[in-house]
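Data first, discussion second: the structure below is written as structure tokens.
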Amino acid sequence: MNVIFTIVAKNYLASAITLGKSVRKYNADCDFIIFLSDKSEGIVLDRVGFPVYEVEKFSIPNLEQQIFMYDVVEFSTAVKPFFMLYLMNEKKYDKVIYLDPDIWVMDSLDFVFEQLDKWDFVLTPHIVDMNSAPNEKETHILDRGVFNLGFLAARNSNDSQNFLHWWKKRLEIYCFRDNRLFVDQKWVGYLPIFSDNYYVMRSKAYNIADWNYHERDVIWEDERYFIKDGKEKESLKLFHFSGIKLETPAVFFRKHGIKISDDKCRVLSKIILEYQKELVENGYEIYSKLPYAYGSFSNGDTINLFHRRIYKKYKDYLSNPFSVTDGNFYKILKKEKLISKRKEKKKIHSENVIDTADVRENVGQTFIGRVFIIFMKLLIRIIGIDGYINVLKQLQVGVDINEQSFLISKHLSGKKDCVGR
């Protein structure tokens with residue numbers, strides 16, 4: 001038996017439904033399952049059209065700690081190997097494919113399932129073409145790992161389960177969305193060390209996304225989409241709409257610095273508009289407004305990434321982190337005036353994550369950025385270049401959102417660092 005699954009918070013259910021319908025269209029003999037990394041409040045599960053399993057129904061190790069320590073994207077990826085093992089061991093599936101919810105299946109995936117007759121894993125790299133010119137996108141990809149984990153296929157075998165268990169244990173502790181780990185992706189870079197039994201999908205028809213538009217020649221021909229590679233062409237199989245919202249394709253291309261030919265732009269724009277139409281038909285306007293159940297304390301105050309990163313340092317000593325009455329964490333934050341009075345906008349999937357690449361590109365383009373530049377120039381004149389360099393070295397740690405636990409350390413004196421446990 002074969003299955004394809006995805007993991008979402010409920011605000012991404014329109015994407016999951018769109019994915020499920022595309023799976024059903026081209027892979028009718030394959031099951032499709034949605035795992036909900038959220039609570040089902042505000043939705044009628046029977047109307048989704050596919051089986052939906054809520055995360056709280058599973059015996060996941062240190063579940064409350066993981067939910068609080070991780071933001072919604074981190075948590076949704078941290079449980080990926082757990083659910084792959086569940087589908088293998090409890091549901092007895094022979095072959096399992098994970099797809100990100102913002103992927104669209106555009107043709108049969110029989111070739112992938114056939115590879116799982118011979119290999120334990122099938123993976124897709126971010127890029128596959130050495131002939132493209134050096135570009136800035138490649139440097140960003142280095143921060144995110146060789147393989148893109150929006151797609152991962154595995155067969156049910158002892159060796160695959162051994163790796164999934166190894167990976168699961170790491171993600172229970174280390175699945176942060178920073179350039180050091182980039183959630184679950186960089187861990188899978190160890191797979192070639194632990195196993196020879198994996199297949200790297202070098203076909204350009206799979207997992208096309210903004211990071212590889214430059215090497216994928218997408219064409220529309222005979223009422224179908226193809227990837228043209230030299231004189232050969234192959235039907236487009238998986239399109240990954242990473243970062244795309246209900247915005248015009250032109251805005252998306254400009255926002256992500258995508259520079260492509262006019263012909264390619266027209267074809268990609270056609271695909272994007274068709275996908276956006278499906279999203280709307282599948283309830284985007286309703287689901288996208290639903291709040292993340294684990295995004296606030298019990299009194300409604302917003303939990304932001306700053307709180308989550310402080311919590312991870314002392315998580316074993318901070319009881320009931322969501323509670324404002326029974327737990328000690330909220331009380332400590334309140335005493336130290338670390339609760340934001342501003343209500344966060346419902347950008348649930350970003351949760352104030354800092355992408356250093358975006359910061360580098362956009363510094364000086366905002367009022368705060370311009371003030372910061374003026375301040376730093378003034379600082380050089382006051383303390384000199386040697387003092388300035390020393391300040392920068394200190395700021396590398398002091399302004400890191402992952403290193404702010406000193407703000408509550410006096411309340412937990414004598415407690416050991418919990419990171420790594």
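We label chains A, B, ... in the order they appear in the structure tokens, count residues from 1 in each chain, and number ligands from 1 in the order shown.
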Compile the contact shell of Leu290 in chain A as an mmCIF file with C-alpha atoms, in the first residue's frame: residues with an atom at most 10 Å away, counting only C-alpha atoms, same-chain residues fewer than 4 positions apart removed.
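Written out: result31.cif:
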data_model
loop_
_atom_site.group_PDB
_atom_site.id
_atom_site.type_symbol
_atom_site.label_atom_id
_atom_site.label_comp_id
_atom_site.auth_asym_id
_atom_site.auth_seq_id
_atom_site.Cartn_x
_atom_site.Cartn_y
_atom_site.Cartn_z
ATOM 1 C CA ALA A 9 -1.691 24.068 10.885
ATOM 2 C CA LYS A 10 -5.344 24.738 10.158
ATOM 3 C CA ASN A 11 -4.661 28.069 8.431
ATOM 4 C CA TYR A 12 -2.935 26.052 5.667
ATOM 5 C CA LEU A 13 -5.782 23.581 5.166
ATOM 6 C CA GLU A 41 -11.202 24.291 16.755
ATOM 7 C CA GLY A 42 -13.076 26.277 14.124
ATOM 8 C CA ILE A 43 -13.157 23.586 11.438
ATOM 9 C CA GLU A 285 -10.288 32.920 2.477
ATOM 10 C CA ILE A 286 -11.788 31.002 5.414
ATOM 11 C CA LYS A 346 -2.071 36.915 11.812
ATOM 12 C CA ILE A 348 0.859 32.664 11.577
#
Residue nearest Gly295 in chain A - candidates A:Lys377, A:Lys39, A:Lys21, A:Lys331, atoms counted: only C-alpha atoms: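 Looking at the shortest contact to Gly295 in chain A, the residue is A:Lys39.
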Computed interatomic separation between CA of Gln65 in chain A and CA of Val44 in chain A (Å): 27.4 Å
Point-to-point distance in Å for CA of Gln394 in chain A and CA of Lys313 in chain A: 20.0 Å
Within 9 Å of Lys137 in chain A using only C-alpha atoms, minus same-chain residues under 6 positions, as a list in words: Asp210, Trp211 and Asn212 of chain A
Polymer residues at most 9 Å from range 28-36 of chain A, only C-alpha atoms, same-chain spacing of 5 or more positions, as a list in words: Met1, Asn2, Val3, Ile4, Phe5, Thr6, Ile7, Val8, Ala9, Lys10, Leu13, Ala16, Ile17, Gly20, Val23, Phe50, Pro51, Val52, Tyr53, Glu54, Val55, Glu56, Ser76 and Phe83 of chain A
Set the distance at 9 Å and use only C-alpha atoms: which residues neighbour Met106 in chain A once local chain neighbours fewer than 6 positions away are removed? I'd like the list as a PDB file with C-alpha atoms, in the first residue's frame.
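Result saved to selection.pdb:
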ATOM      1  CA  SER A  22      -4.056  16.862  -7.109  1.00  0.00           C
ATOM      2  CA  VAL A  23      -2.832  13.573  -5.596  1.00  0.00           C
ATOM      3  CA  LYS A  25      -6.353  13.290  -9.775  1.00  0.00           C
ATOM      4  CA  TYR A  26      -3.051  11.749 -10.879  1.00  0.00           C
ATOM      5  CA  TYR A 225       3.201  21.518 -18.831  1.00  0.00           C
ATOM      6  CA  SER A 235       5.929  16.266 -18.109  1.00  0.00           C
ATOM      7  CA  LEU A 236       6.043  18.487 -15.039  1.00  0.00           C
ATOM      8  CA  LYS A 237       5.415  16.359 -11.931  1.00  0.00           C
ATOM      9  CA  LEU A 238       5.709  18.520  -8.792  1.00  0.00           C
ATOM     10  CA  PHE A 239       5.509  22.295  -8.512  1.00  0.00           C
TER      11      PHE A 239
END
Ser242 in chain A environment, 10 Å, only C-alpha atoms, sequence neighbours closer than 5 positions dropped, as a ChimeraX atom specification: /A:100-103,150,208-211
Point-to-point distance in Å for CA of Ala78 in chain A and CA of Phe176 in chain A: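 Atom-to-atom, CA of Phe176 in chain A to CA of Ala78 in chain A, that is 8.9 Å.
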All helix (DSSP H, G or I) positions in range 161-220 of chain A, as an MDAnalysis selection string: chainID A and resid 161:171 186:194 213:215
